[in-house]
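Q: Contents of upload_33.txt (compact mmCIF, C-alpha atoms) are given next:
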# COMPACT_ATOMS: atom_id res chain seq x y z
CA MET A 142 -54.92 2.35 2.80
CA SER A 143 -51.36 2.59 1.60
CA LEU A 144 -48.42 3.21 3.88
CA PHE A 145 -47.87 6.57 2.17
CA ALA A 146 -51.46 7.64 2.84
CA ALA A 147 -51.40 6.40 6.44
CA ASN A 148 -48.23 8.33 7.26
CA LEU A 149 -49.35 11.45 5.43
CA VAL A 150 -52.90 11.58 6.81
CA LEU A 151 -51.86 10.96 10.41
CA GLY A 152 -48.89 13.30 10.06
CA LEU A 153 -50.99 16.15 8.66
CA LEU A 154 -53.60 15.63 11.36
CA LEU A 155 -50.96 15.86 14.09
CA VAL A 156 -49.32 18.91 12.47
CA ALA A 157 -52.70 20.66 12.26
CA LEU A 158 -53.54 19.86 15.88
CA GLY A 159 -50.09 20.96 17.04
CA ALA A 160 -50.21 24.17 15.01
CA MET A 161 -53.61 24.94 16.48
CA LEU A 162 -52.18 24.61 19.99
CA LEU A 163 -49.03 26.53 19.11
CA GLY A 164 -50.70 29.48 17.45
CA GLY A 165 -54.08 29.39 19.10
CA GLY A 166 -55.31 32.38 20.99
CA ALA A 167 -58.03 32.80 23.56
CA ARG A 168 -60.74 31.38 21.27
CA ILE A 169 -58.81 28.16 20.64
CA ALA A 170 -58.01 27.83 24.36
CA ALA A 171 -61.69 28.25 25.22
CA ALA A 172 -62.73 25.72 22.58
CA VAL A 173 -60.19 23.18 23.87
CA ARG A 174 -61.37 23.78 27.45
CA ALA A 175 -65.02 23.29 26.41
CA PHE A 176 -64.39 20.18 24.29
CA PRO A 177 -65.01 17.42 26.90
CA ARG A 178 -68.62 18.51 27.54
CA SER A 179 -69.42 20.25 24.27
CA PRO A 180 -72.71 19.16 22.66
CA VAL A 181 -71.32 19.89 19.19
CA ALA A 182 -68.17 17.86 19.86
CA THR A 183 -70.36 15.09 21.27
CA ALA A 184 -72.48 15.02 18.14
CA VAL A 185 -69.45 14.96 15.86
CA CYS A 186 -67.10 12.63 17.75
CA PHE A 187 -69.57 10.24 19.36
CA GLY A 188 -71.81 10.24 16.30
CA ALA A 189 -68.91 9.42 13.97
CA ALA A 190 -67.58 6.73 16.30
CA ALA A 191 -71.02 5.15 16.68
CA VAL A 192 -71.68 5.14 12.93
CA TRP A 193 -68.22 3.72 12.17
CA PHE A 194 -68.57 1.03 14.86
CA LEU A 195 -72.05 0.07 13.66
CA TYR A 196 -70.70 -0.15 10.11
CA VAL A 197 -68.00 -2.55 11.34
CA VAL A 198 -70.57 -4.64 13.22
CA TRP A 199 -72.90 -4.79 10.20
CA ASN A 200 -70.07 -5.93 7.91
CA MET A 201 -68.63 -8.62 10.18
CA PRO A 202 -67.78 -11.87 8.45
CA MET A 203 -69.63 -15.01 9.46
CA ALA A 204 -66.64 -16.23 11.44
CA ASP A 205 -66.87 -13.21 13.77
CA PHE A 206 -70.42 -13.51 15.11
CA GLY A 207 -71.65 -12.72 11.60
CA GLU A 208 -74.84 -14.70 12.03
CA TYR A 209 -75.72 -12.52 15.03
CA ARG A 210 -74.88 -9.23 13.38
CA LYS A 211 -78.46 -7.96 13.20
CA PRO A 212 -79.16 -8.36 16.95
CA LEU A 213 -75.69 -6.98 17.75
CA PHE A 214 -76.29 -4.02 15.46
CA ILE A 215 -79.64 -3.26 17.08
CA GLY A 216 -78.21 -3.69 20.58
CA PHE A 217 -75.20 -1.44 19.98
CA ALA A 218 -77.34 1.17 18.23
CA ALA A 219 -79.67 1.19 21.25
CA VAL A 220 -76.71 1.59 23.60
CA ALA A 221 -75.42 4.53 21.54
CA VAL A 222 -78.79 6.29 21.54
CA LEU A 223 -79.42 5.61 25.22
CA SER A 224 -75.93 6.78 26.21
CA VAL A 225 -76.61 10.15 24.58
CA ARG A 226 -79.82 10.40 26.58
CA TYR A 227 -78.75 9.01 29.96
CA ALA A 228 -74.94 9.39 30.14
CA PRO A 229 -74.06 12.63 28.31
CA ASP A 230 -71.08 13.59 30.52
CA PHE A 231 -67.77 13.50 28.66
CA LEU A 232 -69.39 11.74 25.71
CA ALA A 233 -67.26 13.81 23.33
CA VAL A 234 -64.15 12.36 24.96
CA ARG A 235 -65.52 8.84 24.74
CA GLY A 236 -66.37 9.44 21.09
CA LEU A 237 -62.85 10.72 20.42
CA ALA A 238 -61.42 7.66 22.18
CA GLY A 239 -63.61 5.41 20.04
CA LEU A 240 -62.48 7.16 16.87
CA MET A 241 -58.84 6.76 17.91
CA LEU A 242 -59.33 3.04 18.50
CA LEU A 243 -61.28 2.51 15.28
CA ALA A 244 -58.73 4.47 13.23
CA ALA A 245 -55.87 2.39 14.61
CA TRP A 246 -56.84 -0.68 12.59
CA PRO A 247 -56.47 0.74 9.06
CA LEU A 248 -53.38 2.69 10.09
CA LEU A 249 -51.68 -0.42 11.47
CA MET A 250 -52.77 -2.54 8.52
CA ALA A 251 -51.01 -0.10 6.19
CA GLY A 252 -47.69 -1.22 7.65
CA PHE A 253 -48.59 -4.87 8.24
CA MET A 254 -45.71 -7.26 7.51
CA ASP A 255 -43.51 -4.33 6.50
CA TYR A 256 -40.27 -4.27 8.46
CA ARG A 257 -38.56 -1.26 6.93
CA PRO A 258 -37.38 1.32 9.47
CA GLN A 259 -39.70 3.94 7.94
CA VAL A 260 -42.74 2.08 9.28
CA TYR A 261 -41.81 2.18 12.95
CA PRO A 262 -42.59 5.85 13.67
CA LEU A 263 -46.13 5.28 12.39
CA LYS A 264 -46.54 2.19 14.53
CA VAL A 265 -45.21 3.95 17.64
CA VAL A 266 -47.58 6.89 17.19
CA VAL A 267 -50.55 4.60 16.53
CA TYR A 268 -49.81 2.42 19.56
CA LEU A 269 -49.48 5.52 21.74
CA GLY A 270 -52.85 6.62 20.34
CA ILE A 271 -54.32 3.23 21.23
CA LEU A 272 -53.07 3.56 24.80
CA LEU A 273 -54.46 7.09 25.02
CA GLY A 274 -57.78 5.97 23.54
CA ILE A 275 -58.16 3.15 26.07
CA TRP A 276 -57.17 5.45 28.93
CA LEU A 277 -59.55 8.23 27.89
CA GLY A 278 -62.35 5.78 27.19
CA ALA A 279 -62.05 4.33 30.68
CA ALA A 280 -61.53 7.66 32.49
CA PRO A 281 -62.75 10.49 30.26
CA TYR A 282 -62.48 13.07 33.03
CA ARG A 283 -58.70 12.73 32.68
CA MET A 284 -58.89 14.72 29.44
CA ARG A 285 -60.43 17.62 31.34
CA ASP A 286 -57.68 17.34 33.95
CA GLY A 287 -55.03 17.19 31.21
CA ILE A 288 -56.45 20.28 29.51
CA VAL A 289 -56.48 22.18 32.81
CA TRP A 290 -52.86 21.14 33.45
CA MET A 291 -51.81 22.06 29.91
CA GLN A 292 -53.43 25.48 30.05
CA ALA A 293 -52.19 26.31 33.55
CA ARG A 294 -48.97 27.69 32.00
CA ASP A 295 -48.58 29.02 28.49
CA GLY A 296 -45.35 27.09 27.96
CA ARG A 297 -47.09 23.76 28.47
CA THR A 298 -49.55 24.41 25.67
CA ARG A 299 -46.66 25.31 23.39
CA LEU A 300 -44.75 22.21 24.49
CA VAL A 301 -47.68 19.91 23.71
CA GLY A 302 -48.33 21.69 20.41
CA GLY A 303 -44.66 21.51 19.47
CA GLY A 304 -44.51 17.81 20.31
CA LEU A 305 -47.57 17.03 18.22
CA SER A 306 -46.24 19.13 15.33
CA ALA A 307 -42.84 17.42 15.50
CA ALA A 308 -44.41 13.96 15.52
CA GLY A 309 -46.62 14.95 12.59
CA ALA A 310 -43.69 16.37 10.64
CA LEU A 311 -41.74 13.13 11.24
CA LEU A 312 -44.66 11.07 9.92
CA CYS A 313 -45.02 13.34 6.87
CA ALA A 314 -41.29 12.90 6.16
CA MET A 315 -41.62 9.13 6.59
CA ALA A 316 -44.46 9.13 4.05
CA PHE A 317 -42.06 10.27 1.36
CA LEU A 318 -39.25 7.96 2.51
CA ALA A 319 -41.32 4.77 2.66
Kindly present the structure from the file in structure tokens form.
A:
Amino acid sequence: MSLFAANLVLGLLLVALGAMLLGGGARIAAAVRAFPRSPVATAVCFGAAAVWFLYVVWNMPMADFGEYRKPLFIGFAAVAVLSVRYAPDFLAVRGLAGLMLLAAWPLLMAGFMDYRPQVYPLKVVVYLGILLGIWLGAAPYRMRDGIVWMQARDGRTRLVGGGLSAAGALLCAMAFLA
């Protein structure tokens, strides 16, 4: 992935998420509130994260446990299937956290060994996403608490949406400056 694409894709994603929070009505607020335990969100987020992770495991080089990739693949696939069956609570949040962590690698590699100032906003946003992904993966109920806090006052939702939109607009601008 090129630096231009990394900045633009992440920037547009953040702008879209921020605009949704800024302009969202009661339906968007209800969908955001239902996200942590939503079966549809679980299927999309956790399913995508599991497939992406299993793809990474299957394509590991020999130096990285490559000779054990088949047993690792089977083991991780079993864990994914069993977690849907026996640990369904907040699985959408765990899937989102997994997607954030998996997406960090190609985004960071786009700016690898590039020390121009235009690269640093991307790296800061990605590292903040990594921290958020680790935090939500370890304590997924915190997303529910954060959503409740955000929706307790209308101004907070607008503040979060505005912050995400501003960060996304900065990344989109950096895409054309890099």
Q: Compare A:Ala314, A:Ile169, A:Leu153, A:Val234 by their minimum atom-to-atom distance to A:Val181, counting only C-alpha atoms, and give me the closest one.
A: A:Val234
Q: Between A:Ala147, A:Leu243, A:Gly166, A:Pro177, which one has atoms that come closest to A:Val198, using all atoms listed in the file?
A: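 Using all atoms listed in the file, A:Val198 sits closest to A:Leu243.
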Q: Give the answer as one residue: which of A:Gly236, A:Pro202, A:Gly152, A:Gly188 has the shortest atom-to-atom distance to A:Ala218, using only C-alpha atoms?
A: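 The shortest atom-to-atom distance to A:Ala218 comes from A:Gly188.
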Q: One decimal, in Å: what's the spacing between atom CA of A:Gly274 and atom CA of A:Leu237?
A: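 It comes out at 7.6 Å.
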Q: When distances are computed from only C-alpha atoms, which of A:Met250, A:Val289, A:Met241, A:Leu144 shows the smallest separation from A:Met315?
A: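 Of all the options, A:Leu144 lies closest to A:Met315.
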Q: Skip stretch 263-272 of chain A itself and residues of its chain fewer than 2 positions away, then list as a list of chain:residue names all residues within 7 Å of it, counting only C-alpha atoms.
A: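 Near stretch 263-272 of chain A, the qualifying residues are A:Asn148, A:Met241, A:Leu242, A:Ala245, A:Leu249, A:Val260, A:Tyr261, A:Gly274, A:Ile275, A:Trp276, A:Leu312.
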Q: Smallest atom-to-atom distance to A:Leu149: which of A:Trp290, A:Gly303, A:Tyr282, A:Ala251, using all atoms listed in the file?
A: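 The shortest atom-to-atom distance to A:Leu149 comes from A:Ala251.
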Q: Please provide as a PDB file with C-alpha atoms, in the frame of the given file all residues within 10 Å of A:Gln292, with the sequence filter that same-chain residues fewer than 6 positions apart are discarded (counting only C-alpha atoms).
A:
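Okay, part.pdb is ready:
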ATOM      1  CA  ALA A 170     -58.010  27.830  24.360  1.00  0.00           C
ATOM      2  CA  ALA A 171     -61.690  28.250  25.220  1.00  0.00           C
ATOM      3  CA  VAL A 173     -60.190  23.180  23.870  1.00  0.00           C
ATOM      4  CA  ARG A 174     -61.370  23.780  27.450  1.00  0.00           C
ATOM      5  CA  ASP A 286     -57.680  17.340  33.950  1.00  0.00           C
ATOM      6  CA  THR A 298     -49.550  24.410  25.670  1.00  0.00           C
ATOM      7  CA  ARG A 299     -46.660  25.310  23.390  1.00  0.00           C
TER       8      ARG A 299
END
Q: Nearest to A:Gln259: which of A:Met201, A:Val192, A:Ala184, A:Leu311 is it, counting all atoms listed in the file?
A: A:Leu311
